[in-house]
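**Q** If it helps, the file is called my_file_35.txt and holds compact mmCIF, C-alpha atoms:
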# COMPACT_ATOMS: atom_id res chain seq x y z
CA MET A 1 -196.93 -139.31 251.44
CA ASP A 2 -195.68 -138.18 254.85
CA LYS A 3 -195.31 -134.43 254.87
CA THR A 4 -193.91 -134.08 258.34
CA ILE A 5 -190.73 -136.06 258.01
CA LEU A 6 -188.43 -133.39 259.39
CA LYS A 7 -190.71 -132.35 262.23
CA GLY A 8 -188.96 -132.70 265.56
CA LYS A 9 -185.67 -133.77 264.01
CA LEU A 10 -184.10 -130.28 263.95
CA LEU A 11 -182.97 -130.90 260.41
CA SER A 12 -183.49 -128.99 257.21
CA TRP A 13 -183.28 -130.44 253.73
CA LYS A 14 -180.09 -128.47 253.28
CA THR A 15 -178.64 -130.24 256.31
CA VAL A 16 -179.65 -133.61 254.91
CA ASP A 17 -178.16 -132.71 251.52
CA ASP A 18 -174.93 -131.47 253.12
CA ALA A 19 -174.57 -134.50 255.38
CA LEU A 20 -174.98 -137.04 252.62
CA ARG A 21 -172.83 -135.15 250.14
CA SER A 22 -170.09 -134.86 252.70
CA TYR A 23 -170.30 -138.47 253.79
CA LEU A 24 -170.51 -139.90 250.29
CA GLY A 25 -167.99 -137.48 248.85
CA ILE A 26 -170.12 -136.15 246.01
CA GLY A 27 -169.83 -132.69 244.52
CA HIS A 28 -173.32 -132.52 243.07
CA HIS A 29 -176.64 -132.14 244.87
CA LEU A 30 -179.20 -134.68 245.89
CA VAL A 31 -182.34 -133.95 243.88
CA GLY A 32 -185.84 -133.51 245.24
CA VAL A 33 -188.82 -134.39 243.06
CA GLU A 34 -192.38 -133.31 243.75
CA ILE A 35 -195.29 -134.71 241.76
CA LEU A 36 -197.87 -131.94 241.43
CA LYS A 37 -201.53 -132.58 240.73
CA ASN A 38 -202.38 -128.91 240.28
CA GLY A 39 -199.49 -127.74 238.12
CA THR A 40 -198.30 -125.03 240.47
CA SER A 41 -195.65 -124.88 243.13
CA ASP A 42 -194.88 -122.41 245.89
CA VAL A 43 -191.20 -122.86 245.14
CA ASP A 44 -189.60 -120.28 242.88
CA ALA A 45 -189.07 -122.49 239.83
CA LEU A 46 -188.56 -121.91 236.13
CA HIS A 47 -189.84 -123.75 233.10
CA PRO A 48 -187.05 -124.78 230.70
CA SER A 49 -186.66 -122.55 227.65
CA ARG A 50 -187.45 -125.54 225.43
CA PRO A 51 -188.66 -129.08 226.09
CA ILE A 52 -186.15 -131.32 227.84
CA ARG A 53 -186.10 -134.85 229.15
CA PHE A 54 -186.87 -135.50 232.80
CA CYS A 55 -183.41 -136.98 233.26
CA GLN A 56 -181.92 -133.78 231.83
CA GLY A 57 -183.86 -131.82 234.44
CA VAL A 58 -182.48 -134.08 237.17
CA LYS A 59 -178.96 -133.58 235.83
CA ARG A 60 -179.38 -129.79 235.80
CA ALA A 61 -180.73 -129.81 239.34
CA ALA A 62 -177.88 -132.00 240.55
CA ASP A 63 -175.02 -130.26 238.77
CA GLU A 64 -176.18 -126.68 238.35
CA GLY A 65 -178.67 -126.29 241.19
CA GLN A 66 -181.51 -125.39 238.82
CA ILE A 67 -185.09 -125.61 240.10
CA LEU A 68 -187.39 -126.60 237.26
CA LEU A 69 -191.15 -126.88 236.98
CA LEU A 70 -191.86 -129.37 234.23
CA THR A 71 -195.29 -129.68 232.64
CA LYS A 72 -196.13 -132.25 229.98
CA GLY A 73 -195.27 -129.68 227.33
CA ASP A 74 -191.87 -129.10 228.92
CA LEU A 75 -190.98 -132.80 228.67
CA SER A 76 -189.72 -134.03 225.33
CA CYS A 77 -189.48 -137.73 226.21
CA PRO A 78 -192.80 -139.54 225.70
CA ASN A 79 -191.75 -142.21 228.19
CA ALA A 80 -191.71 -139.68 231.00
CA HIS A 81 -195.28 -138.60 230.14
CA ILE A 82 -196.39 -142.09 231.08
CA THR A 83 -193.97 -142.98 233.88
CA LEU A 84 -194.53 -139.70 235.73
CA GLY A 85 -198.30 -139.94 235.39
CA PHE A 86 -199.07 -137.20 232.88
CA ARG A 87 -201.12 -139.63 230.81
CA ASP A 88 -202.17 -143.27 230.70
CA PRO A 89 -200.66 -145.53 228.08
CA ARG A 90 -202.97 -146.15 225.08
CA TYR A 91 -201.85 -149.50 223.70
CA VAL A 92 -199.94 -151.52 226.30
CA GLU A 93 -199.35 -151.41 230.04
CA ILE A 94 -196.12 -149.70 230.99
CA LYS A 95 -194.37 -150.33 234.29
CA PRO A 96 -193.33 -148.65 236.44
CA ARG A 97 -195.59 -145.62 236.19
CA ILE A 98 -197.41 -143.26 238.51
CA LYS A 99 -201.07 -144.17 238.76
CA PRO A 100 -203.64 -142.71 238.56
CA ALA A 101 -202.29 -140.46 235.81
CA GLU A 102 -203.26 -137.13 237.35
CA THR A 103 -199.91 -135.36 237.24
CA GLU A 104 -200.00 -131.77 236.01
CA ALA A 105 -196.38 -130.86 236.65
CA VAL A 106 -193.20 -132.14 238.25
CA LEU A 107 -190.92 -129.98 240.36
CA VAL A 108 -187.25 -130.92 240.21
CA GLY A 109 -184.56 -129.16 242.19
CA PRO A 110 -181.58 -129.53 244.50
CA LEU A 111 -182.78 -131.06 247.75
CA GLY A 112 -181.18 -128.32 249.82
CA LYS A 113 -183.51 -125.75 248.31
CA PHE A 114 -186.70 -127.56 249.31
CA SER A 115 -188.56 -126.02 252.22
CA LYS A 116 -191.23 -128.71 252.36
CA ASP A 117 -190.91 -132.42 251.80
CA PRO A 118 -190.38 -133.64 248.25
CA ASP A 119 -192.14 -136.86 247.20
CA ILE A 120 -188.96 -138.59 246.08
CA VAL A 121 -185.27 -137.87 246.50
CA LEU A 122 -182.77 -138.94 243.86
CA VAL A 123 -179.04 -139.21 244.17
CA VAL A 124 -176.57 -139.96 241.39
CA LEU A 125 -173.74 -142.15 242.61
CA ARG A 126 -170.86 -144.36 241.62
CA PRO A 127 -171.01 -147.99 242.80
CA LYS A 128 -168.70 -147.49 245.79
CA GLN A 129 -170.77 -144.53 246.94
CA MET A 130 -173.94 -146.58 246.53
CA MET A 131 -172.37 -149.23 248.71
CA ASP A 132 -171.53 -146.67 251.40
CA LEU A 133 -175.06 -145.25 251.29
CA THR A 134 -176.57 -148.71 251.49
CA VAL A 135 -174.58 -149.49 254.63
CA VAL A 136 -175.81 -146.31 256.29
CA ILE A 137 -179.43 -146.95 255.28
CA GLU A 138 -179.32 -150.56 256.39
CA THR A 139 -177.95 -149.60 259.80
CA GLU A 140 -181.50 -148.59 260.74
CA ARG A 141 -183.66 -150.19 258.06
CA ARG A 142 -182.48 -153.78 258.54
CA THR A 143 -184.14 -154.90 255.31
CA PRO A 144 -182.20 -155.44 252.11
CA ILE A 145 -182.89 -153.10 249.25
CA HIS A 146 -184.38 -154.97 246.32
CA GLY A 147 -183.55 -153.35 242.99
CA LEU A 148 -186.05 -153.41 240.12
CA PHE A 149 -184.30 -152.34 236.96
CA LYS A 150 -184.15 -153.25 233.30
CA GLY A 151 -182.10 -150.51 231.73
CA ASP A 152 -185.12 -148.65 230.47
CA MET A 153 -186.90 -145.50 231.67
CA GLY A 154 -184.22 -145.38 234.33
CA VAL A 155 -184.40 -141.99 235.99
CA CYS A 156 -188.10 -141.25 235.41
CA GLY A 157 -189.42 -144.78 235.84
CA GLU A 158 -187.12 -146.97 237.86
CA ALA A 159 -185.73 -144.32 240.22
CA THR A 160 -188.78 -142.04 240.51
CA ALA A 161 -192.06 -143.77 239.63
CA GLU A 162 -191.13 -147.10 241.21
CA PRO A 163 -190.34 -145.77 244.72
CA TYR A 164 -193.23 -143.29 244.44
CA MET A 165 -195.71 -146.10 243.87
CA SER A 166 -194.19 -148.83 246.03
CA GLY A 167 -192.79 -146.73 248.86
CA GLU A 168 -189.62 -148.82 248.63
CA PRO A 169 -186.18 -147.49 247.66
CA ASN A 170 -184.95 -148.48 244.23
CA LEU A 171 -181.78 -148.10 242.25
CA SER A 172 -181.42 -147.83 238.52
CA PHE A 173 -178.51 -148.25 236.20
CA MET A 174 -180.29 -145.62 234.12
CA CYS A 175 -181.08 -146.02 230.42
CA ASN A 176 -179.55 -145.14 227.09
CA GLY A 177 -181.57 -141.93 226.95
CA ALA A 178 -180.24 -140.72 230.29
CA ARG A 179 -176.65 -141.30 229.18
CA MET A 180 -177.09 -140.02 225.61
CA PHE A 181 -179.23 -136.96 226.24
CA ALA A 182 -178.73 -136.02 229.88
CA GLY A 183 -175.02 -136.80 229.90
CA PHE A 184 -174.79 -139.14 232.86
CA ARG A 185 -171.47 -140.96 232.89
CA ASP A 186 -171.08 -144.66 232.27
CA ASP A 187 -169.97 -145.27 235.87
CA GLU A 188 -172.98 -143.54 237.41
CA LEU A 189 -176.24 -144.98 238.68
CA VAL A 190 -179.22 -143.31 240.30
CA PHE A 191 -180.87 -144.18 243.59
CA GLY A 192 -184.38 -143.02 244.41
CA ALA A 193 -186.31 -143.27 247.65
CA SER A 194 -188.85 -141.48 249.77
CA PRO A 195 -187.34 -138.57 251.68
CA GLY A 196 -187.66 -140.37 255.00
CA VAL A 197 -184.94 -142.79 253.90
CA PHE A 198 -182.51 -139.91 253.43
CA VAL A 199 -183.46 -138.22 256.71
CA GLN A 200 -182.77 -141.50 258.47
CA ALA A 201 -179.45 -141.85 256.64
CA ALA A 202 -178.42 -138.31 257.61
CA THR A 203 -179.41 -138.94 261.21
CA THR A 204 -177.40 -142.13 261.24
CA ILE A 205 -174.37 -140.35 259.79
CA GLU A 206 -174.60 -137.73 262.52
CA ARG A 207 -174.97 -140.35 265.23
CA ILE A 208 -172.05 -142.34 263.88
CA ALA A 209 -169.92 -139.24 263.75
CA LYS A 210 -170.62 -138.55 267.41
CA VAL A 211 -170.37 -142.08 268.73
CA GLY A 212 -167.44 -143.44 266.80
CA GLY A 213 -167.02 -147.05 265.74
CA ALA A 214 -165.93 -149.15 262.83
CA LEU A 215 -168.35 -147.53 260.46
CA CYS A 216 -167.60 -143.98 261.11
CA GLY A 217 -164.07 -142.95 260.38
CA CYS A 218 -163.52 -140.56 257.54
CA ARG A 219 -161.44 -142.25 254.90
CA THR A 220 -157.84 -141.49 255.73
CA SER A 221 -157.09 -141.15 252.02
CA ASP A 222 -159.39 -138.11 252.00
CA LEU A 223 -157.62 -136.39 254.89
CA PRO A 224 -155.34 -133.40 254.32
CA ALA A 225 -151.69 -134.39 254.15
CA GLU A 226 -150.71 -132.38 257.24
CA ILE A 227 -153.16 -134.32 259.40
CA VAL A 228 -151.89 -137.65 258.09
CA GLU A 229 -148.28 -136.57 258.68
CA GLY A 230 -149.14 -135.60 262.25
CA PHE A 231 -150.38 -139.09 263.01
CA GLU A 232 -147.49 -140.74 261.23
CA LYS A 233 -145.08 -138.77 263.45
CA MET A 234 -146.76 -140.49 266.41
CA ASN A 235 -145.91 -143.83 264.77
CA LEU A 236 -149.56 -144.45 264.00
CA SER A 237 -150.19 -146.05 260.61
CA LYS A 238 -152.90 -145.19 258.15
CA GLY A 239 -155.78 -147.67 257.92
CA THR A 240 -158.77 -147.33 255.64
CA ASP A 241 -160.74 -145.13 257.97
CA TYR A 242 -158.59 -144.91 261.09
CA PHE A 243 -155.02 -144.63 262.32
CA PHE A 244 -153.62 -147.48 264.32
CA GLY A 245 -150.52 -148.46 266.21
CA ARG A 246 -148.95 -148.85 269.62
CA LEU A 247 -148.87 -146.19 272.29
CA GLY A 248 -146.73 -147.65 275.04
CA GLU A 249 -148.05 -151.14 275.69
CA HIS A 250 -151.45 -150.45 274.19
CA ARG A 251 -152.73 -150.93 270.66
CA VAL A 252 -154.97 -148.02 269.77
CA ARG A 253 -157.08 -146.83 266.90
CA VAL A 254 -157.93 -143.22 266.23
CA TYR A 255 -160.85 -142.15 264.09
CA LEU A 256 -161.56 -138.70 262.75
CA ASN A 257 -165.09 -137.71 261.91
CA LYS A 258 -166.74 -134.87 260.10
CA ASP A 259 -169.63 -132.77 261.27
CA PHE A 260 -172.61 -131.89 259.07
CA GLN A 261 -170.62 -129.14 257.41
CA GLY A 262 -167.93 -131.57 256.35
CA ARG A 263 -165.30 -130.26 258.78
CA TYR A 264 -163.05 -132.68 260.63
CA THR A 265 -164.45 -132.08 264.07
CA PHE A 266 -164.68 -135.27 266.11
CA LEU A 267 -161.85 -137.35 267.46
CA THR A 268 -162.44 -140.93 268.60
CA VAL A 269 -159.82 -142.91 270.50
CA HIS A 270 -160.48 -146.63 270.56
CA LEU A 271 -158.68 -149.12 272.77
CA PRO A 272 -159.64 -152.74 272.09
CA VAL A 273 -158.76 -155.09 274.94
CA LYS A 274 -159.00 -158.87 274.79
CA ALA A 275 -160.40 -160.79 277.74
CA PRO A 276 -159.75 -164.50 278.42
CA SER A 277 -163.38 -165.36 277.74
CA LYS A 278 -166.63 -163.91 276.52
CA LYS A 279 -168.03 -164.09 280.03
CA ARG A 280 -165.04 -162.28 281.52
CA ALA A 281 -165.29 -159.66 278.76
CA GLU A 282 -168.88 -159.08 279.72
CA GLU A 283 -167.98 -158.65 283.40
CA ILE A 284 -165.12 -156.27 282.67
CA ALA A 285 -167.23 -154.23 280.28
CA GLU A 286 -169.94 -153.90 282.90
CA GLU A 287 -167.54 -152.97 285.70
CA ILE A 288 -165.54 -150.50 283.69
CA GLY A 289 -168.75 -149.09 282.26
CA CYS A 290 -169.70 -148.09 285.82
CA LEU A 291 -166.37 -146.38 286.40
CA LEU A 292 -166.01 -144.51 283.15
CA ARG A 293 -168.00 -141.37 282.55
CA LYS A 294 -169.03 -139.82 279.26
CA PRO A 295 -167.53 -139.23 276.76
CA TYR A 296 -165.87 -142.58 277.56
CA SER A 297 -167.74 -145.78 276.82
CA ALA A 298 -167.16 -149.52 277.12
CA ARG A 299 -168.79 -152.19 274.98
CA ARG A 300 -168.26 -155.91 274.74
CA ARG A 301 -167.62 -157.48 271.35
CA GLY A 302 -167.15 -161.23 271.64
CA CYS A 303 -164.09 -161.73 273.85
CA TRP A 304 -163.14 -158.11 273.41
CA ILE A 305 -163.93 -154.98 275.33
CA ASP A 306 -164.01 -151.85 273.20
CA LEU A 307 -163.09 -148.80 275.21
CA SER A 308 -163.64 -145.60 273.32
CA MET A 309 -163.93 -141.90 273.74
CA THR A 310 -165.29 -139.38 271.27
CA VAL A 311 -164.94 -135.64 271.72
CA ARG A 312 -165.06 -132.52 269.66
CA ALA A 313 -161.40 -131.87 269.03
CA ASP A 314 -161.65 -128.14 269.71
CA GLU A 315 -163.32 -128.75 273.07
CA VAL A 316 -160.22 -130.51 274.39
CA GLY A 317 -157.79 -128.03 272.86
CA VAL A 318 -156.81 -130.19 269.93
CA ASP A 319 -156.11 -128.62 266.56
CA LEU A 320 -156.19 -131.41 263.98
CA GLN A 321 -154.80 -129.21 261.23
CA SER A 322 -151.68 -128.09 263.06
CA GLY A 323 -151.40 -131.25 265.15
CA GLU A 324 -151.32 -129.20 268.34
CA ASN A 325 -152.13 -131.29 271.43
CA VAL A 326 -153.12 -134.33 269.38
CA GLU A 327 -150.47 -136.67 270.72
CA ALA A 328 -150.74 -135.47 274.32
CA THR A 329 -154.52 -135.79 274.29
CA ILE A 330 -154.52 -139.27 272.84
CA LYS A 331 -151.91 -140.39 275.37
CA ASP A 332 -153.94 -138.93 278.25
CA VAL A 333 -157.06 -140.70 277.03
CA VAL A 334 -155.30 -144.03 276.65
CA GLU A 335 -153.64 -143.73 280.06
CA ASN A 336 -156.99 -142.95 281.65
CA MET A 337 -158.59 -145.96 279.97
CA ALA A 338 -155.67 -148.17 281.02
CA ARG A 339 -155.88 -146.98 284.60
CA HIS A 340 -159.54 -147.88 284.85
CA LEU A 341 -158.92 -151.17 283.12
CA HIS A 342 -156.19 -152.03 285.63
CA ARG A 343 -158.62 -151.45 288.49
CA VAL A 344 -161.14 -153.98 287.24
CA LYS A 345 -158.91 -156.62 285.70
CA MET B 1 -207.66 -156.49 205.60
CA VAL B 2 -203.89 -156.12 205.70
CA THR B 3 -202.62 -152.63 205.02
CA GLU B 4 -199.64 -152.53 202.67
CA SER B 5 -196.84 -150.28 203.77
CA ASP B 6 -194.40 -148.34 201.60
CA ARG B 7 -191.50 -148.95 203.96
CA LYS B 8 -190.88 -151.25 206.85
CA LEU B 9 -188.63 -150.77 209.87
CA ASP B 10 -187.78 -153.94 211.75
CA LEU B 11 -186.78 -152.79 215.20
CA ILE B 12 -186.88 -156.12 216.98
CA GLY B 13 -184.32 -156.04 219.78
CA ASP B 14 -183.92 -152.28 219.79
CA VAL B 15 -184.64 -150.46 223.05
CA CYS B 16 -185.29 -146.81 223.85
CA PRO B 17 -184.47 -144.32 222.59
CA TYR B 18 -183.49 -146.01 219.33
CA PRO B 19 -186.98 -147.02 218.08
CA VAL B 20 -188.10 -143.38 218.24
CA ILE B 21 -184.90 -142.08 216.69
CA TYR B 22 -184.99 -144.58 213.79
CA THR B 23 -188.71 -144.05 213.19
CA LEU B 24 -188.50 -140.26 213.05
CA ARG B 25 -185.45 -140.44 210.81
CA GLU B 26 -187.30 -142.77 208.43
CA LEU B 27 -190.42 -140.60 208.40
CA GLU B 28 -188.33 -137.60 207.36
CA LYS B 29 -187.25 -139.46 204.23
CA MET B 30 -190.80 -140.32 203.16
CA ARG B 31 -193.39 -138.47 201.11
CA ASP B 32 -196.82 -137.23 202.12
CA GLY B 33 -199.37 -140.05 202.26
CA GLN B 34 -196.86 -142.89 202.34
CA ILE B 35 -197.14 -145.52 205.03
CA LEU B 36 -194.37 -146.63 207.36
CA GLU B 37 -194.62 -149.95 209.16
CA VAL B 38 -192.65 -150.22 212.39
CA VAL B 39 -192.20 -153.60 214.04
CA THR B 40 -191.04 -153.62 217.66
CA ASP B 41 -190.92 -155.93 220.63
CA HIS B 42 -190.01 -153.19 223.10
CA LEU B 43 -193.13 -152.28 225.08
CA PRO B 44 -192.28 -148.64 225.79
CA ALA B 45 -191.74 -148.18 222.05
CA VAL B 46 -195.33 -149.29 221.42
CA GLU B 47 -196.30 -146.15 223.30
CA ASN B 48 -193.56 -143.69 222.50
CA VAL B 49 -193.19 -144.33 218.76
CA PRO B 50 -196.85 -143.42 218.09
CA ALA B 51 -196.64 -140.48 220.51
CA SER B 52 -193.50 -139.12 218.86
CA ALA B 53 -194.88 -139.57 215.33
CA GLU B 54 -198.13 -137.85 216.25
CA GLY B 55 -196.16 -135.11 217.93
CA ARG B 56 -194.70 -134.31 214.52
CA GLY B 57 -198.06 -134.30 212.82
CA HIS B 58 -198.10 -137.80 211.31
CA GLU B 59 -201.11 -140.09 211.60
CA VAL B 60 -200.88 -143.34 213.52
CA PHE B 61 -203.75 -145.47 212.32
CA GLU B 62 -202.95 -148.93 213.56
CA VAL B 63 -201.16 -150.53 216.49
CA THR B 64 -201.61 -154.28 216.69
CA GLU B 65 -199.94 -157.16 218.47
CA MET B 66 -198.73 -159.69 215.94
CA GLY B 67 -198.08 -162.29 218.62
CA SER B 68 -195.31 -163.17 221.08
CA GLY B 69 -195.03 -159.58 222.25
CA VAL B 70 -194.23 -158.22 218.79
CA TYR B 71 -196.18 -155.16 217.74
CA ARG B 72 -196.85 -153.52 214.37
CA ILE B 73 -197.33 -149.77 214.18
CA LEU B 74 -198.61 -148.18 210.96
CA ILE B 75 -197.94 -144.51 210.41
CA LYS B 76 -199.21 -142.38 207.52
CA VAL B 77 -196.81 -139.60 206.65
CA LYS B 78 -198.27 -136.10 206.82
CA VAL B 79 -196.12 -133.38 205.33
CA PRO B 80 -197.48 -129.90 206.01
Show me this structure written as structure tokens.
**A**
Amino acid sequence: MDKTILKGKLLSWKTVDDALRSYLGIGHHLVGVEILKNGTSDVDALHPSRPIRFCQGVKRAADEGQILLLTKGDLSCPNAHITLGFRDPRYVEIKPRIKPAETEAVLVGPLGKFSKDPDIVLVVLRPKQMMDLTVVIETERRTPIHGLFKGDMGVCGEATAEPYMSGEPNLSFMCNGARMFAGFRDDELVFGASPGVFVQAATTIERIAKVGGALCGCRTSDLPAEIVEGFEKMNLSKGTDYFFGRLGEHRVRVYLNKDFQGRYTFLTVHLPVKAPSKKRAEEIAEEIGCLLRKPYSARRRGCWIDLSMTVRADEVGVDLQSGENVEATIKDVVENMARHLHRVK
Amino acid sequence: MVTESDRKLDLIGDVCPYPVIYTLRELEKMRDGQILEVVTDHLPAVENVPASAEGRGHEVFEVTEMGSGVYRILIKVKVP
């Protein structure tokens, strides 16, 4: 297991936890799991006062932020003894399970409280959130996630042991035990993967937030009413994750993006322009790309040229909450883009 | 030799955690020395039913495959 995942990335596990929670819109924590062969951990963890199920430990870590060190004696579910590698099965082969069965304890806690890399990270999600996470993961991974699940030993086996052994992410629709005893809701599932998958996802979220694009806009339905009203006063309509409408003769889109702390920080203005042909679009994009300077950018998309600009709102004197300077800034940006476009067209 | 049981639990089609729950509930109703036969086709139950029964002090003295993925578990009740 790679123990240097965060090295050089200037991230902490808290940052990764915050980024994903903010992006996915979840109130609970991502959960780190460490499989310990020696039964001790340098993390300040507690044993439960009486035996619990592994899935209960995951639930407590996610909802209450508890850090638990679970030995075999702390785990009441005999399935978890096998799936998490505390013992080998005696009568039949059980899959998935951690092999060889050398586990002495399992550390479970909110990801943000891990100082070193966990072995597996779990996140409890609703289907829509799982879809959003998948899109972010696949942006870099480029390989579909294959789920192995059978509604049995869900949290301990399918979401933890399976990715631990295979190295591949897996999702689980949990099991009866997880819903009956741990209290997971009927509309929740659990996704487990090596920590590198989540670091990559957090990095992608940050990049998207800075660059702008179709993926990145915060859902407008999540925005505070005063921000939405501000855009509506400019005659811009609310799309799923952007505002759109006409400013003068130009059709524009405006995206708002959060930073790692979940604050609405970045403003992206997007001006799509159609060229008569793909070839001409390519030429215009290249020419205008030479004229425009950061934070402006030009990209070709089929017969279209996407002109965009992403800035930190506060750096250009925009206050998204009060609406101060929003309209003037967007108009300036669009006029500047149009001026450059006129020169090359 | 086929061991005769005092009670039989047919748990074909039941998945976790029900085999364990039903088995432990049945064992609580039985007297010391009686034998419970549990029949299951759920692989994890072949492991966790014996483990749970033993965890409560009962004796598991036979686990056999009867064919087609169906298993028979024989448990002797031990009442302290």
**Q** With all atoms listed in the file considered, list every residue of chain A at most 7 Å from chain B, as a list in words.
**A**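 Those within range of chain B come out as Pro78, Asn79, Pro89, Arg90, Tyr91, Val92, Ile94, Asp152, Asn176 and Gly177 of chain A.
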**Q** Write a file of the selected residues as a CSV table (one decimal), in the coordinates of the input, keeping C-alpha atoms.
**A**
chain,number,residue,atom,x,y,z
A,78,PRO,CA,-192.8,-139.5,225.7
A,79,ASN,CA,-191.8,-142.2,228.2
A,89,PRO,CA,-200.7,-145.5,228.1
A,90,ARG,CA,-203.0,-146.2,225.1
A,91,TYR,CA,-201.8,-149.5,223.7
A,92,VAL,CA,-199.9,-151.5,226.3
A,94,ILE,CA,-196.1,-149.7,231.0
A,152,ASP,CA,-185.1,-148.6,230.5
A,176,ASN,CA,-179.6,-145.1,227.1
A,177,GLY,CA,-181.6,-141.9,227.0
**Q** To one decimal place, how far is CA of Arg300 (chain A) from CA of Lys278 (chain A) in Å?
**A** 8.4 Å
**Q** Let me make sure I understand: among A:Val43, A:Cys175, A:Leu189, A:Leu84, which one has the smallest atom-to-atom distance to Leu69 (chain A) if we use all atoms listed in the file?
**A**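 With all atoms listed in the file as the atom set, the closest residue is A:Val43.
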**Q** For Leu20 (chain A), which of A:Leu46, A:Ala201, A:Val108, A:Val155 is the closest residue, counting all atoms listed in the file?
**A** A:Ala201
**Q** The residues within 10 Å of (-201.9, -131.9, 239.2), using all atoms listed in the file and the coordinates of the file, should be reported as a list of chain:residue names; which are they?
**A**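 Protein and nucleic acid residues near the point are A:Ile35, A:Leu36, A:Lys37, A:Asn38, A:Gly39, A:Thr40, A:Thr71, A:Gly85, A:Phe86, A:Ala101, A:Glu102, A:Thr103, A:Glu104, A:Ala105, A:Val106.
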**Q** Which is closer to Ala53 (chain B) than all the others in B:Leu74, B:Pro80, B:Leu9, B:Lys29, using all atoms listed in the file?
**A**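 Checking each candidate against Ala53 (chain B), we get B:Leu74 as the closest.
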**Q** Could you pull out every residue with an atom within 8 Å of (-187.7, -149.3, 208.9), file coordinates, counting all atoms listed in the file, and send them as a list in words?
**A**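 Answer for this query, in the requested form: Arg7, Lys8, Leu9, Asp10, Leu11, Tyr22, Thr23, Glu26, Leu36, Glu37 and Val38 of chain B.
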**Q** For a test of reading the model, state the distance in Å between CA of Gly157 (chain A) and CA of Ile82 (chain A), rounded to one decimal.
**A**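 One can read the CA of Gly157 (chain A) to CA of Ile82 (chain A) distance as 8.9 Å.
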**Q** Under the rule that only C-alpha atoms are counted, which of A:Ser277, A:Thr265, A:Asn170, A:Asn336 is the nearest residue to Tyr296 (chain A)?
**A**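 Closest residue, counting only C-alpha atoms: A:Asn336.
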**Q** When distances are computed from only C-alpha atoms, which of A:Asp306, A:Glu226, A:Glu34, A:Asp74 shows the smallest separation from Pro48 (chain A)?
**A**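 Distance minimum relative to Pro48 (chain A) lands on A:Asp74.
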**Q** If you measure from CA of Arg53 (chain A) to CA of Pro163 (chain A), what distance in Å do you get, rounded to one decimal?
**A**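 CA of Pro163 (chain A) lies at a distance of 19.5 Å from CA of Arg53 (chain A).
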**Q** Using all atoms listed in the file, which of A:Leu271, A:Val318, A:Ala313, A:Ile137 sits nearest Asn257 (chain A)?
**A**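 So, comparing all the options, the nearest one is A:Ala313.
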**Q** I want to know what sits within 10 Å of Leu27 (chain B), based on all atoms listed in the file, with residues of the same chain fewer than 3 positions away left out; could you give that as an mmCIF file with C-alpha atoms, in the frame of the given file?
**A**
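Now in selection12.cif:
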data_model
loop_
_atom_site.group_PDB
_atom_site.id
_atom_site.type_symbol
_atom_site.label_atom_id
_atom_site.label_comp_id
_atom_site.auth_asym_id
_atom_site.auth_seq_id
_atom_site.Cartn_x
_atom_site.Cartn_y
_atom_site.Cartn_z
ATOM 1 C CA ARG B 7 -191.500 -148.950 203.960
ATOM 2 C CA TYR B 22 -184.990 -144.580 213.790
ATOM 3 C CA THR B 23 -188.710 -144.050 213.190
ATOM 4 C CA LEU B 24 -188.500 -140.260 213.050
ATOM 5 C CA MET B 30 -190.800 -140.320 203.160
ATOM 6 C CA ARG B 31 -193.390 -138.470 201.110
ATOM 7 C CA ASP B 32 -196.820 -137.230 202.120
ATOM 8 C CA GLN B 34 -196.860 -142.890 202.340
ATOM 9 C CA ILE B 35 -197.140 -145.520 205.030
ATOM 10 C CA LEU B 36 -194.370 -146.630 207.360
ATOM 11 C CA ALA B 53 -194.880 -139.570 215.330
ATOM 12 C CA ARG B 56 -194.700 -134.310 214.520
ATOM 13 C CA HIS B 58 -198.100 -137.800 211.310
ATOM 14 C CA ILE B 75 -197.940 -144.510 210.410
ATOM 15 C CA LYS B 76 -199.210 -142.380 207.520
ATOM 16 C CA VAL B 77 -196.810 -139.600 206.650
ATOM 17 C CA LYS B 78 -198.270 -136.100 206.820
ATOM 18 C CA VAL B 79 -196.120 -133.380 205.330
#
**Q** Which residues are near Gly13 (chain B)? Cut-off 10 Å, all atoms listed in the file, ignore same chain within fewer than 5 positions. Put them as a PDB file with C-alpha atoms, in the coordinates of the input.
**A**
ATOM      1  CA  PRO B  19    -186.980-147.020 218.080  1.00  0.00           C
ATOM      2  CA  THR B  40    -191.040-153.620 217.660  1.00  0.00           C
ATOM      3  CA  ASP B  41    -190.920-155.930 220.630  1.00  0.00           C
ATOM      4  CA  HIS B  42    -190.010-153.190 223.100  1.00  0.00           C
TER       5      HIS B  42
END
